[in-house]
>>> print(open('query_17.tsv').read())   # TSV, C-alpha atoms and all ligand atoms
chain	number	residue	atom	x	y	z
W	1	MET	CA	-36.67	195.96	80.28
W	2	PHE	CA	-36.89	199.66	79.38
W	3	PRO	CA	-35.19	202.28	81.56
W	4	ALA	CA	-37.53	203.38	84.36
W	5	THR	CA	-36.04	206.84	84.61
W	6	ARG	CA	-35.71	208.82	81.42
W	7	LEU	CA	-33.50	211.86	81.93
W	8	ARG	CA	-33.82	212.66	78.25
W	9	ARG	CA	-37.49	213.71	78.73
W	10	LEU	CA	-36.34	217.05	80.14
W	11	ARG	CA	-34.00	217.63	77.21
W	12	GLN	CA	-36.59	217.59	74.44
W	13	HIS	CA	-38.05	221.10	74.58
W	14	PRO	CA	-35.79	224.16	74.50
W	15	VAL	CA	-37.98	226.04	76.96
W	16	LEU	CA	-37.95	223.13	79.34
W	17	ARG	CA	-34.17	222.96	79.02
W	18	ASP	CA	-34.07	226.61	80.06
W	19	LEU	CA	-36.36	225.90	83.01
W	20	VAL	CA	-34.23	223.09	84.41
W	21	ARG	CA	-30.89	224.82	83.83
W	22	GLU	CA	-28.96	224.90	87.11
W	23	THR	CA	-26.33	227.53	86.32
W	24	THR	CA	-26.91	230.82	84.58
W	25	LEU	CA	-24.07	233.02	83.49
W	26	SER	CA	-24.77	236.74	83.59
W	27	VAL	CA	-22.78	239.79	82.59
W	28	HIS	CA	-23.12	240.80	86.25
W	29	ASP	CA	-20.85	237.89	87.21
W	30	LEU	CA	-17.93	239.26	85.21
W	31	ILE	CA	-14.97	241.45	86.14
W	32	LEU	CA	-12.84	242.85	83.32
W	33	PRO	CA	-9.08	243.21	83.92
W	34	LEU	CA	-7.53	246.35	82.38
W	35	PHE	CA	-3.91	247.44	82.00
W	36	VAL	CA	-3.01	251.10	82.37
W	37	ARG	CA	0.26	252.71	81.39
W	38	PRO	CA	1.67	256.25	81.16
W	39	GLY	CA	1.18	258.43	78.11
W	40	LYS	CA	-1.62	259.90	76.06
W	41	GLY	CA	-3.64	258.27	73.32
W	42	VAL	CA	-1.94	254.91	73.89
W	43	LYS	CA	-3.88	251.77	73.03
W	44	LYS	CA	-1.41	248.98	72.44
W	45	GLU	CA	-2.74	245.48	71.83
W	46	ILE	CA	-1.21	242.71	73.90
W	47	VAL	CA	-0.02	240.26	71.28
W	48	SER	CA	-0.76	237.09	73.24
W	49	MET	CA	-4.13	238.43	74.45
W	50	PRO	CA	-6.06	239.59	71.36
W	51	GLY	CA	-8.67	242.23	72.14
W	52	ASN	CA	-6.85	243.32	75.33
W	53	TYR	CA	-4.70	246.43	75.48
W	54	GLN	CA	-2.26	248.48	77.47
W	55	LEU	CA	-4.08	251.79	77.76
W	56	SER	CA	-3.11	255.30	78.75
W	57	VAL	CA	-5.50	256.91	81.23
W	58	ASP	CA	-7.44	258.84	78.56
W	59	ARG	CA	-8.02	255.71	76.47
W	60	LEU	CA	-8.83	253.70	79.60
W	61	VAL	CA	-11.64	256.12	80.39
W	62	GLU	CA	-12.99	255.62	76.85
W	63	ASP	CA	-12.74	251.85	76.95
W	64	VAL	CA	-14.45	251.63	80.33
W	65	GLY	CA	-17.26	253.72	78.85
W	66	ALA	CA	-17.60	251.26	75.95
W	67	ALA	CA	-17.57	248.31	78.36
W	68	THR	CA	-20.34	249.81	80.46
W	69	GLN	CA	-22.41	250.09	77.26
W	70	LEU	CA	-22.16	246.31	77.05
W	71	GLY	CA	-23.25	245.94	80.68
W	72	ILE	CA	-19.84	245.37	82.32
W	73	ARG	CA	-19.76	247.19	85.65
W	74	ALA	CA	-16.75	245.79	87.51
W	75	PHE	CA	-13.13	246.34	86.55
W	76	ILE	CA	-9.79	245.34	88.03
W	77	LEU	CA	-6.87	247.62	87.26
W	78	PHE	CA	-3.23	246.67	86.73
W	79	GLY	CA	-0.60	249.38	86.43
W	80	ILE	CA	2.55	249.62	84.36
W	81	PRO	CA	4.47	252.45	86.06
W	82	ALA	CA	6.82	254.89	84.31
W	83	ALA	CA	9.69	253.77	86.55
W	84	LYS	CA	10.43	250.80	88.78
W	85	ASP	CA	12.76	250.40	91.76
W	86	ALA	CA	13.95	247.67	94.12
W	87	THR	CA	11.17	248.27	96.66
W	88	GLY	CA	8.26	249.07	94.37
W	89	THR	CA	7.69	252.57	95.78
W	90	PRO	CA	5.86	253.81	92.62
W	91	ALA	CA	3.02	251.55	93.79
W	92	TRP	CA	2.00	253.97	96.53
W	93	ALA	CA	2.91	257.29	94.91
W	94	ASP	CA	-0.02	259.66	95.13
W	95	ASP	CA	0.41	260.46	91.43
W	96	GLY	CA	1.11	256.82	90.53
W	97	ILE	CA	-0.38	255.30	87.42
W	98	ILE	CA	-3.22	253.47	89.20
W	99	GLN	CA	-3.97	256.49	91.36
W	100	GLN	CA	-4.26	258.66	88.23
W	101	ALA	CA	-6.49	256.08	86.57
W	102	LEU	CA	-8.78	255.79	89.59
W	103	ARG	CA	-9.25	259.55	89.84
W	104	ALA	CA	-9.95	259.93	86.12
W	105	LEU	CA	-12.42	257.03	86.08
W	106	LYS	CA	-14.25	258.28	89.17
W	107	VAL	CA	-14.86	261.64	87.51
W	108	ARG	CA	-16.23	260.15	84.30
W	109	HIS	CA	-18.05	257.02	85.44
W	110	LYS	CA	-20.28	256.97	88.51
W	111	ASP	CA	-21.83	253.53	88.63
W	112	ILE	CA	-18.86	251.24	88.19
W	113	LEU	CA	-16.92	249.19	90.72
W	114	LEU	CA	-13.18	249.76	90.64
W	115	ILE	CA	-10.98	247.01	91.98
W	116	THR	CA	-7.22	247.39	92.34
W	117	ASP	CA	-4.70	244.56	92.21
W	118	GLU	CA	-2.35	244.97	95.17
W	119	CYS	CA	1.08	243.60	94.45
W	120	PHE	CA	4.59	244.80	93.61
W	121	CYS	CA	5.75	242.68	90.70
W	122	GLU	CA	4.78	245.44	88.25
W	123	TYR	CA	6.63	248.03	90.35
W	124	THR	CA	9.90	246.31	91.26
W	125	ASP	CA	12.88	246.26	88.91
W	126	HIS	CA	13.43	242.58	89.79
W	127	GLY	CA	9.81	241.62	89.06
W	128	HIS	CA	9.18	239.83	92.35
W	129	CYS	CA	6.06	240.50	94.41
W	130	GLY	CA	7.78	242.23	97.34
W	131	VAL	CA	11.00	243.41	98.94
W	132	LEU	CA	14.02	241.11	98.47
W	133	ARG	CA	16.37	239.97	101.19
W	134	ASP	CA	19.07	237.33	101.45
W	135	VAL	CA	17.69	234.36	103.31
W	136	ASN	CA	20.22	231.57	103.86
W	137	GLY	CA	22.29	232.80	100.95
W	138	ARG	CA	19.29	232.95	98.64
W	139	ARG	CA	17.53	236.07	97.36
W	140	ASP	CA	13.89	235.81	98.36
W	141	VAL	CA	10.89	238.03	99.03
W	142	ASP	CA	10.82	239.15	102.65
W	143	ASN	CA	7.31	238.56	103.88
W	144	ASP	CA	7.05	241.01	106.74
W	145	LEU	CA	8.86	243.92	105.09
W	146	THR	CA	6.44	243.58	102.18
W	147	LEU	CA	3.36	243.74	104.43
W	148	ALA	CA	3.90	247.34	105.49
W	149	ASN	CA	4.29	248.37	101.85
W	150	LEU	CA	1.11	246.54	100.88
W	151	ALA	CA	-0.84	248.49	103.46
W	152	LYS	CA	0.58	251.75	102.05
W	153	GLN	CA	-0.34	250.74	98.51
W	154	CYS	CA	-3.90	249.89	99.51
W	155	VAL	CA	-4.43	253.09	101.48
W	156	SER	CA	-3.12	255.11	98.54
W	157	HIS	CA	-5.52	253.33	96.18
W	158	ALA	CA	-8.37	253.83	98.62
W	159	GLN	CA	-7.63	257.55	98.79
W	160	ALA	CA	-7.69	257.71	94.99
W	161	GLY	CA	-11.09	256.02	94.82
W	162	ALA	CA	-10.72	252.23	94.79
W	163	ASP	CA	-13.94	250.45	95.78
W	164	LEU	CA	-12.35	247.09	96.54
W	165	VAL	CA	-8.72	246.11	97.03
W	166	ALA	CA	-7.39	242.75	95.87
W	167	PRO	CA	-4.02	241.66	97.26
W	168	SER	CA	-2.40	239.10	94.97
W	169	GLY	CA	1.10	238.68	96.35
W	170	MET	CA	0.48	235.59	98.53
W	171	MET	CA	2.32	237.04	101.54
W	172	ASP	CA	1.37	235.50	104.88
W	173	GLY	CA	-0.64	237.97	106.93
W	174	MET	CA	-1.33	240.28	103.98
W	175	VAL	CA	-5.06	240.55	104.61
W	176	GLN	CA	-4.60	241.45	108.27
W	177	ALA	CA	-1.91	244.03	107.48
W	178	ILE	CA	-4.10	245.62	104.82
W	179	ARG	CA	-7.20	245.56	107.02
W	180	HIS	CA	-5.35	247.36	109.81
W	181	GLY	CA	-3.86	249.86	107.37
W	182	LEU	CA	-7.23	250.65	105.83
W	183	ASP	CA	-8.98	250.87	109.19
W	184	ASP	CA	-6.33	253.19	110.63
W	185	ALA	CA	-6.74	255.44	107.61
W	186	GLY	CA	-10.51	255.56	108.09
W	187	PHE	CA	-11.49	253.09	105.35
W	188	THR	CA	-13.27	250.66	107.66
W	189	GLY	CA	-16.00	250.05	105.08
W	190	LEU	CA	-13.70	249.20	102.18
W	191	PRO	CA	-13.81	245.47	101.40
W	192	ILE	CA	-10.89	243.16	100.59
W	193	MET	CA	-10.96	240.50	97.90
W	194	SER	CA	-8.01	238.25	98.67
W	195	TYR	CA	-6.22	236.17	96.06
W	196	ALA	CA	-6.34	233.52	98.78
W	197	ALA	CA	-5.42	230.38	96.86
W	198	LYS	CA	-3.11	231.51	94.10
W	199	TYR	CA	-0.96	228.90	92.46
W	200	ALA	CA	2.51	229.19	90.92
W	201	SER	CA	1.12	228.65	87.44
W	202	GLY	CA	2.38	228.48	83.89
W	203	PHE	CA	-0.98	229.91	82.87
W	204	TYR	CA	0.19	233.43	83.82
W	205	GLY	CA	2.54	233.60	80.83
W	206	PRO	CA	0.71	236.16	78.67
W	207	PHE	CA	-0.07	238.36	81.71
W	208	ARG	CA	3.60	238.91	82.38
W	209	ASP	CA	3.93	240.43	78.91
W	210	ALA	CA	0.78	242.48	79.45
W	211	ALA	CA	1.91	243.86	82.80
W	212	GLU	CA	5.63	243.81	81.99
W	213	SER	CA	6.19	242.02	85.28
W	214	PRO	CA	8.16	238.77	84.74
W	215	PRO	CA	10.55	237.85	87.57
W	216	GLN	CA	14.10	238.73	86.49
W	217	PHE	CA	15.47	235.63	88.23
W	218	GLY	CA	13.93	232.50	89.68
W	219	ASP	CA	10.19	232.02	89.92
W	220	ARG	CA	7.38	232.61	92.41
W	221	SER	CA	7.37	229.17	94.01
W	222	SER	CA	8.46	230.51	97.41
W	223	TYR	CA	5.22	232.46	97.77
W	224	GLN	CA	2.63	231.06	95.35
W	225	MET	CA	1.13	227.61	95.85
W	226	ASP	CA	2.19	224.28	94.43
W	227	PRO	CA	-0.37	223.18	91.79
W	228	ALA	CA	-0.32	219.72	93.35
W	229	ASN	CA	-1.92	220.90	96.61
W	230	SER	CA	-5.57	221.13	97.58
W	231	ASP	CA	-5.81	220.87	101.40
W	232	GLU	CA	-3.28	223.67	101.61
W	233	ALA	CA	-5.65	225.90	99.62
W	234	LEU	CA	-8.24	225.47	102.35
W	235	ARG	CA	-5.70	226.53	104.97
W	236	GLU	CA	-4.82	229.60	102.88
W	237	VAL	CA	-8.46	230.54	102.50
W	238	GLU	CA	-9.28	229.92	106.15
W	239	LEU	CA	-6.45	232.19	107.29
W	240	ASP	CA	-7.50	234.97	104.94
W	241	ILE	CA	-11.07	234.79	106.21
W	242	GLU	CA	-9.84	234.97	109.82
W	243	GLU	CA	-7.73	237.99	108.88
W	244	GLY	CA	-10.73	239.78	107.44
W	245	ALA	CA	-11.09	238.87	103.76
W	246	ASP	CA	-14.56	239.71	102.46
W	247	ILE	CA	-14.23	237.80	99.18
W	248	VAL	CA	-11.83	234.92	98.57
W	249	MET	CA	-10.35	234.07	95.19
W	250	VAL	CA	-9.02	230.94	93.56
W	251	LYS	CA	-6.56	231.44	90.73
W	252	PRO	CA	-6.19	230.13	88.04
W	253	ALA	CA	-9.71	228.83	87.46
W	254	LEU	CA	-9.87	226.14	84.83
W	255	SER	CA	-7.30	223.70	86.19
W	256	TYR	CA	-8.55	224.42	89.69
W	257	LEU	CA	-12.30	223.86	89.49
W	258	ASP	CA	-11.96	221.27	92.25
W	259	ILE	CA	-10.42	223.91	94.51
W	260	ILE	CA	-13.22	226.37	93.77
W	261	ARG	CA	-15.78	223.72	94.72
W	262	ARG	CA	-13.99	222.78	97.95
W	263	VAL	CA	-13.61	226.42	98.98
W	264	LYS	CA	-17.26	227.19	98.29
W	265	ASP	CA	-18.51	224.09	100.09
W	266	ARG	CA	-16.28	224.53	103.10
W	267	PHE	CA	-16.62	228.27	103.74
W	268	GLY	CA	-19.72	229.47	101.90
W	269	MET	CA	-17.93	232.77	101.30
W	270	PRO	CA	-18.37	235.06	98.32
W	271	THR	CA	-15.92	233.33	96.00
W	272	ALA	CA	-14.12	234.70	92.98
W	273	ALA	CA	-12.22	232.80	90.31
W	274	TYR	CA	-9.60	234.23	87.99
W	275	ASN	CA	-9.84	232.86	84.47
W	276	VAL	CA	-6.24	233.85	83.77
W	277	SER	CA	-4.32	235.04	80.75
W	278	GLY	CA	-3.06	231.64	79.61
W	279	GLU	CA	-6.53	230.13	79.77
W	280	PHE	CA	-7.80	232.99	77.62
W	281	ALA	CA	-4.87	232.81	75.19
W	282	MET	CA	-5.39	229.10	74.56
W	283	VAL	CA	-8.99	229.67	73.53
W	284	LYS	CA	-8.08	232.62	71.30
W	285	ALA	CA	-5.24	230.76	69.62
W	286	ALA	CA	-7.18	227.59	68.94
W	287	SER	CA	-10.17	229.51	67.64
W	288	ALA	CA	-7.93	231.65	65.40
W	289	LYS	CA	-6.80	228.40	63.81
W	290	GLY	CA	-10.41	227.34	63.38
W	291	TRP	CA	-9.94	224.38	65.69
W	292	ILE	CA	-12.64	225.32	68.19
W	293	ASP	CA	-15.73	227.52	68.24
W	294	GLU	CA	-14.60	230.43	70.43
W	295	ARG	CA	-18.01	231.57	71.54
W	296	ARG	CA	-19.17	228.12	72.48
W	297	VAL	CA	-15.96	227.17	74.28
W	298	ALA	CA	-15.55	230.47	76.14
W	299	LEU	CA	-19.14	230.42	77.41
W	300	GLU	CA	-18.75	226.76	78.37
W	301	ILE	CA	-15.62	227.59	80.36
W	302	LEU	CA	-17.21	230.55	82.15
W	303	THR	CA	-20.34	228.51	82.92
W	304	SER	CA	-18.23	225.67	84.30
W	305	ILE	CA	-16.36	228.06	86.59
W	306	LYS	CA	-19.67	229.30	87.93
W	307	ARG	CA	-21.01	225.77	88.22
W	308	ALA	CA	-17.93	224.85	90.27
W	309	GLY	CA	-18.98	227.45	92.84
W	310	ALA	CA	-17.61	230.82	91.79
W	311	ASP	CA	-19.90	233.80	92.35
W	312	MET	CA	-17.81	236.07	90.16
W	313	ILE	CA	-15.21	235.58	87.45
W	314	LEU	CA	-12.30	237.78	86.46
W	315	THR	CA	-11.92	237.18	82.74
W	316	TYR	CA	-10.38	238.67	79.61
W	317	HIS	CA	-13.39	237.26	77.79
W	318	ALA	CA	-15.69	239.66	79.66
W	319	LEU	CA	-16.31	241.96	76.67
W	320	ASP	CA	-16.90	239.08	74.26
W	321	ALA	CA	-19.10	237.30	76.77
W	322	ALA	CA	-21.13	240.46	77.38
W	323	ARG	CA	-21.80	240.67	73.62
W	324	TRP	CA	-22.69	236.99	73.37
W	325	LEU	CA	-25.00	237.10	76.39
W	326	LYS	CA	-27.00	240.09	75.09
S	401	LIG	C1	0.39	239.92	90.13
S	401	LIG	C2	-0.58	239.17	89.33
S	401	LIG	C3	-0.35	238.18	88.34
S	401	LIG	C4	-1.61	237.89	87.80
S	401	LIG	C5	-2.54	238.67	88.47
S	401	LIG	N1	-1.89	239.44	89.42
S	401	LIG	C6	0.91	237.62	87.83
S	401	LIG	C7	1.70	236.67	88.61
S	401	LIG	O1	1.41	236.31	89.73
S	401	LIG	O2	2.75	236.28	88.06
S	401	LIG	C8	-1.87	236.91	86.68
S	401	LIG	C9	-3.12	237.15	85.92
S	401	LIG	C10	-3.22	236.42	84.64
S	401	LIG	O3	-2.40	235.59	84.24
S	401	LIG	O4	-4.21	236.70	83.94
S	401	LIG	N2	0.95	239.28	91.20
>>> encode(input="query_17.tsv", output="structure tokens", more="lines below")
Ligand code: PBG
Amino acid sequence: MFPATRLRRLRQHPVLRDLVRETTLSVHDLILPLFVRPGKGVKKEIVSMPGNYQLSVDRLVEDVGAATQLGIRAFILFGIPAAKDATGTPAWADDGIIQQALRALKVRHKDILLITDECFCEYTDHGHCGVLRDVNGRRDVDNDLTLANLAKQCVSHAQAGADLVAPSGMMDGMVQAIRHGLDDAGFTGLPIMSYAAKYASGFYGPFRDAAESPPQFGDRSSYQMDPANSDEALREVELDIEEGADIVMVKPALSYLDIIRRVKDRFGMPTAAYNVSGEFAMVKAASAKGWIDERRVALEILTSIKRAGADMILTYHALDAARWLK
């Protein structure tokens, strides 16, 4: 007659709700992406990403200090170089923008983790993630030529103080090439977080303004994954683990919670998820219109990403979330 099991019993008392909660979001789960550009005293808001800025090195050092006050301890750096070329050579210049940022941050902040995004789209004048070559009459990124450059970029970042390198270009064999490059240079203990399952996504729109890195022709479908595929993500992740990835990432996060769960269940690896620019911008825009409650929705999204199996989340909401979680 009456229901035998009453799940609502455990929902009556707030303390009991806390006790039975399965997923807890902590500021320690969060990684804040930051954009660094040349200059002095520059702090330029990214229009489509309110509360996020392109920063010169001096302002970056300040903002990282403020973030640490809120409990954020992990940062991923993206560089906007002074000049770009066809190959992306500014990416491994010893006085490159990321290298300068790493050195400045290491002097001022001791207890933070500095992650570097390893890719060329910000450094090439064509905006693609590697070296171009004509393949069957079509301009495309040459996989193997790009690998050697990736290793150089990572070694240069390691020498400047990176604690963790994160290749995001979706080249086949990138983790192995980077691992060998780092090992040969003596960085055998430096871990790799691979953007292992990265999809060709419309959700990267605002990022390309932030990093000034849109492809000047075509799109990234010849190297990033088709959003329709899931088994293929497992093959991508498996390969990266075999090649030496220490942490595997799924990106974007919100439309790919199923992928996060499959990756976590299958491999049991430390798993990262990238709550990307478009996911962030949607929440900001709708809340600016008063259509959703930003705090509630953002925390719900971050919690759901963790619930899906992510151990850590790269998110532009990191500063807001740190405030809300205090
Ligand atoms: C670089 C890179 C991109 C992002 C992270 N690293 C852009 C892209 O692949 O086009 C997107 C991050 C975001 O949208 O927040 N390859």
>>> closest_residue(input="query_17.tsv", among="W:Leu10, W:Val276, W:Met312, W:Ala298", to="ligand LIG 401 (chain S)", atoms="only C-alpha atoms and all ligand atoms")
W:Val276
>>> closest_atom_pairs(input="query_17.tsv", of="chain W", to="ligand LIG 401 (chain S)", cutoff="8 Å", atoms="only C-alpha atoms and all ligand atoms", output="JSON lines")
{"residue": "W:Phe78", "atom": "CA", "partner": "S:LIG401", "partner_atom": "N1", "distance": 7.8}
{"residue": "W:Asp117", "atom": "CA", "partner": "S:LIG401", "partner_atom": "N1", "distance": 6.5}
{"residue": "W:Glu118", "atom": "CA", "partner": "S:LIG401", "partner_atom": "C1", "distance": 7.6}
{"residue": "W:Cys119", "atom": "CA", "partner": "S:LIG401", "partner_atom": "N2", "distance": 5.4}
{"residue": "W:Phe120", "atom": "CA", "partner": "S:LIG401", "partner_atom": "N2", "distance": 7.0}
{"residue": "W:Cys121", "atom": "CA", "partner": "S:LIG401", "partner_atom": "N2", "distance": 5.9}
{"residue": "W:Glu122", "atom": "CA", "partner": "S:LIG401", "partner_atom": "C1", "distance": 7.3}
{"residue": "W:Cys129", "atom": "CA", "partner": "S:LIG401", "partner_atom": "N2", "distance": 6.2}
{"residue": "W:Ser168", "atom": "CA", "partner": "S:LIG401", "partner_atom": "N2", "distance": 5.0}
{"residue": "W:Gly169", "atom": "CA", "partner": "S:LIG401", "partner_atom": "N2", "distance": 5.2}
{"residue": "W:Lys198", "atom": "CA", "partner": "S:LIG401", "partner_atom": "O1", "distance": 7.9}
{"residue": "W:Ala200", "atom": "CA", "partner": "S:LIG401", "partner_atom": "O1", "distance": 7.3}
{"residue": "W:Ser201", "atom": "CA", "partner": "S:LIG401", "partner_atom": "O2", "distance": 7.8}
{"residue": "W:Phe203", "atom": "CA", "partner": "S:LIG401", "partner_atom": "O3", "distance": 6.0}
{"residue": "W:Tyr204", "atom": "CA", "partner": "S:LIG401", "partner_atom": "O3", "distance": 3.4}
{"residue": "W:Gly205", "atom": "CA", "partner": "S:LIG401", "partner_atom": "O3", "distance": 6.3}
{"residue": "W:Pro206", "atom": "CA", "partner": "S:LIG401", "partner_atom": "O3", "distance": 6.4}
{"residue": "W:Phe207", "atom": "CA", "partner": "S:LIG401", "partner_atom": "O3", "distance": 4.4}
{"residue": "W:Arg208", "atom": "CA", "partner": "S:LIG401", "partner_atom": "C6", "distance": 6.2}
{"residue": "W:Ser213", "atom": "CA", "partner": "S:LIG401", "partner_atom": "O2", "distance": 7.2}
{"residue": "W:Pro214", "atom": "CA", "partner": "S:LIG401", "partner_atom": "O2", "distance": 6.8}
{"residue": "W:Pro215", "atom": "CA", "partner": "S:LIG401", "partner_atom": "O2", "distance": 8.0}
{"residue": "W:Arg220", "atom": "CA", "partner": "S:LIG401", "partner_atom": "O2", "distance": 7.3}
{"residue": "W:Gln224", "atom": "CA", "partner": "S:LIG401", "partner_atom": "O1", "distance": 7.8}
{"residue": "W:Pro252", "atom": "CA", "partner": "S:LIG401", "partner_atom": "O3", "distance": 7.7}
{"residue": "W:Tyr274", "atom": "CA", "partner": "S:LIG401", "partner_atom": "O4", "distance": 7.2}
{"residue": "W:Asn275", "atom": "CA", "partner": "S:LIG401", "partner_atom": "O4", "distance": 6.8}
{"residue": "W:Val276", "atom": "CA", "partner": "S:LIG401", "partner_atom": "O4", "distance": 3.5}
{"residue": "W:Ser277", "atom": "CA", "partner": "S:LIG401", "partner_atom": "O4", "distance": 3.6}
{"residue": "W:Gly278", "atom": "CA", "partner": "S:LIG401", "partner_atom": "O3", "distance": 6.1}
{"residue": "W:Thr315", "atom": "CA", "partner": "S:LIG401", "partner_atom": "O4", "distance": 7.8}
{"residue": "W:Tyr316", "atom": "CA", "partner": "S:LIG401", "partner_atom": "O4", "distance": 7.8}
>>> closest_residue(input="query_17.tsv", among="W:Leu254, W:Gly309, W:Leu302, W:Gln100", to="Ser26 (chain W)", atoms="all atoms listed in the file")
W:Leu302
>>> residues_around(input="query_17.tsv", residues="region 101-114 of chain W", least_positions_apart="2", cutoff="12 Å", atoms="all atoms listed in the file", output="mmCIF file with C-alpha atoms, keeping the file's coordinate frame")
data_model
loop_
_atom_site.group_PDB
_atom_site.id
_atom_site.type_symbol
_atom_site.label_atom_id
_atom_site.label_comp_id
_atom_site.auth_asym_id
_atom_site.auth_seq_id
_atom_site.Cartn_x
_atom_site.Cartn_y
_atom_site.Cartn_z
ATOM 1 C CA HIS W 28 -23.120 240.800 86.250
ATOM 2 C CA LEU W 30 -17.930 239.260 85.210
ATOM 3 C CA ILE W 31 -14.970 241.450 86.140
ATOM 4 C CA LEU W 32 -12.840 242.850 83.320
ATOM 5 C CA PRO W 33 -9.080 243.210 83.920
ATOM 6 C CA LEU W 34 -7.530 246.350 82.380
ATOM 7 C CA PHE W 35 -3.910 247.440 82.000
ATOM 8 C CA VAL W 36 -3.010 251.100 82.370
ATOM 9 C CA ARG W 37 0.260 252.710 81.390
ATOM 10 C CA PRO W 38 1.670 256.250 81.160
ATOM 11 C CA GLY W 39 1.180 258.430 78.110
ATOM 12 C CA LEU W 55 -4.080 251.790 77.760
ATOM 13 C CA SER W 56 -3.110 255.300 78.750
ATOM 14 C CA VAL W 57 -5.500 256.910 81.230
ATOM 15 C CA ASP W 58 -7.440 258.840 78.560
ATOM 16 C CA ARG W 59 -8.020 255.710 76.470
ATOM 17 C CA LEU W 60 -8.830 253.700 79.600
ATOM 18 C CA VAL W 61 -11.640 256.120 80.390
ATOM 19 C CA GLU W 62 -12.990 255.620 76.850
ATOM 20 C CA ASP W 63 -12.740 251.850 76.950
ATOM 21 C CA VAL W 64 -14.450 251.630 80.330
ATOM 22 C CA GLY W 65 -17.260 253.720 78.850
ATOM 23 C CA ALA W 66 -17.600 251.260 75.950
ATOM 24 C CA ALA W 67 -17.570 248.310 78.360
ATOM 25 C CA THR W 68 -20.340 249.810 80.460
ATOM 26 C CA GLN W 69 -22.410 250.090 77.260
ATOM 27 C CA GLY W 71 -23.250 245.940 80.680
ATOM 28 C CA ILE W 72 -19.840 245.370 82.320
ATOM 29 C CA ARG W 73 -19.760 247.190 85.650
ATOM 30 C CA ALA W 74 -16.750 245.790 87.510
ATOM 31 C CA PHE W 75 -13.130 246.340 86.550
ATOM 32 C CA ILE W 76 -9.790 245.340 88.030
ATOM 33 C CA LEU W 77 -6.870 247.620 87.260
ATOM 34 C CA PHE W 78 -3.230 246.670 86.730
ATOM 35 C CA GLY W 79 -0.600 249.380 86.430
ATOM 36 C CA ILE W 80 2.550 249.620 84.360
ATOM 37 C CA PRO W 81 4.470 252.450 86.060
ATOM 38 C CA ASP W 94 -0.020 259.660 95.130
ATOM 39 C CA ASP W 95 0.410 260.460 91.430
ATOM 40 C CA GLY W 96 1.110 256.820 90.530
ATOM 41 C CA ILE W 97 -0.380 255.300 87.420
ATOM 42 C CA ILE W 98 -3.220 253.470 89.200
ATOM 43 C CA GLN W 99 -3.970 256.490 91.360
ATOM 44 C CA THR W 116 -7.220 247.390 92.340
ATOM 45 C CA ASP W 117 -4.700 244.560 92.210
ATOM 46 C CA SER W 156 -3.120 255.110 98.540
ATOM 47 C CA HIS W 157 -5.520 253.330 96.180
ATOM 48 C CA ALA W 158 -8.370 253.830 98.620
ATOM 49 C CA GLN W 159 -7.630 257.550 98.790
ATOM 50 C CA ALA W 160 -7.690 257.710 94.990
ATOM 51 C CA GLY W 161 -11.090 256.020 94.820
ATOM 52 C CA ALA W 162 -10.720 252.230 94.790
ATOM 53 C CA ASP W 163 -13.940 250.450 95.780
ATOM 54 C CA LEU W 164 -12.350 247.090 96.540
ATOM 55 C CA VAL W 165 -8.720 246.110 97.030
ATOM 56 C CA ALA W 166 -7.390 242.750 95.870
ATOM 57 C CA LEU W 190 -13.700 249.200 102.180
ATOM 58 C CA PRO W 191 -13.810 245.470 101.400
ATOM 59 C CA MET W 193 -10.960 240.500 97.900
#
>>> atom_distance(input="query_17.tsv", atom1="CA of Glu45 (chain W)", atom2="CA of Arg296 (chain W)")
23.9 Å
>>> closest_residue(input="query_17.tsv", among="W:Ala177, W:Ala288, W:Ala281, W:Ile259", to="Asn149 (chain W)", atoms="all atoms listed in the file")
W:Ala177
>>> atom_distance(input="query_17.tsv", atom1="CA of Arg266 (chain W)", atom2="CA of Ile241 (chain W)")
11.9 Å
>>> residues_around(input="query_17.tsv", residues="Arg262 (chain W)", least_positions_apart="3", cutoff="10 Å", atoms="all atoms listed in the file", output="count of residues only")
13
>>> closest_residue(input="query_17.tsv", among="W:Arg21, W:Arg179, W:Lys306, W:Lys152", to="Pro270 (chain W)", atoms="all atoms listed in the file")
W:Lys306
>>> closest_residue(input="query_17.tsv", among="W:Arg295, W:Glu243, W:Arg138, W:Arg307", to="Arg323 (chain W)", atoms="all atoms listed in the file")
W:Arg295
>>> atom_distance(input="query_17.tsv", atom1="CA of Arg139 (chain W)", atom2="CA of Gly127 (chain W)")
12.6 Å
>>> closest_residue(input="query_17.tsv", among="W:Met269, W:Thr146, W:Arg235, W:Arg261", to="Thr89 (chain W)", atoms="all atoms listed in the file")
W:Thr146
>>> residues_near_point(input="query_17.tsv", point="(-8.0, 233.4, 101.7)", cutoff="6 Å", atoms="all atoms listed in the file", output="PyMOL selection string")
chain W and resi 194+196+236-241+248
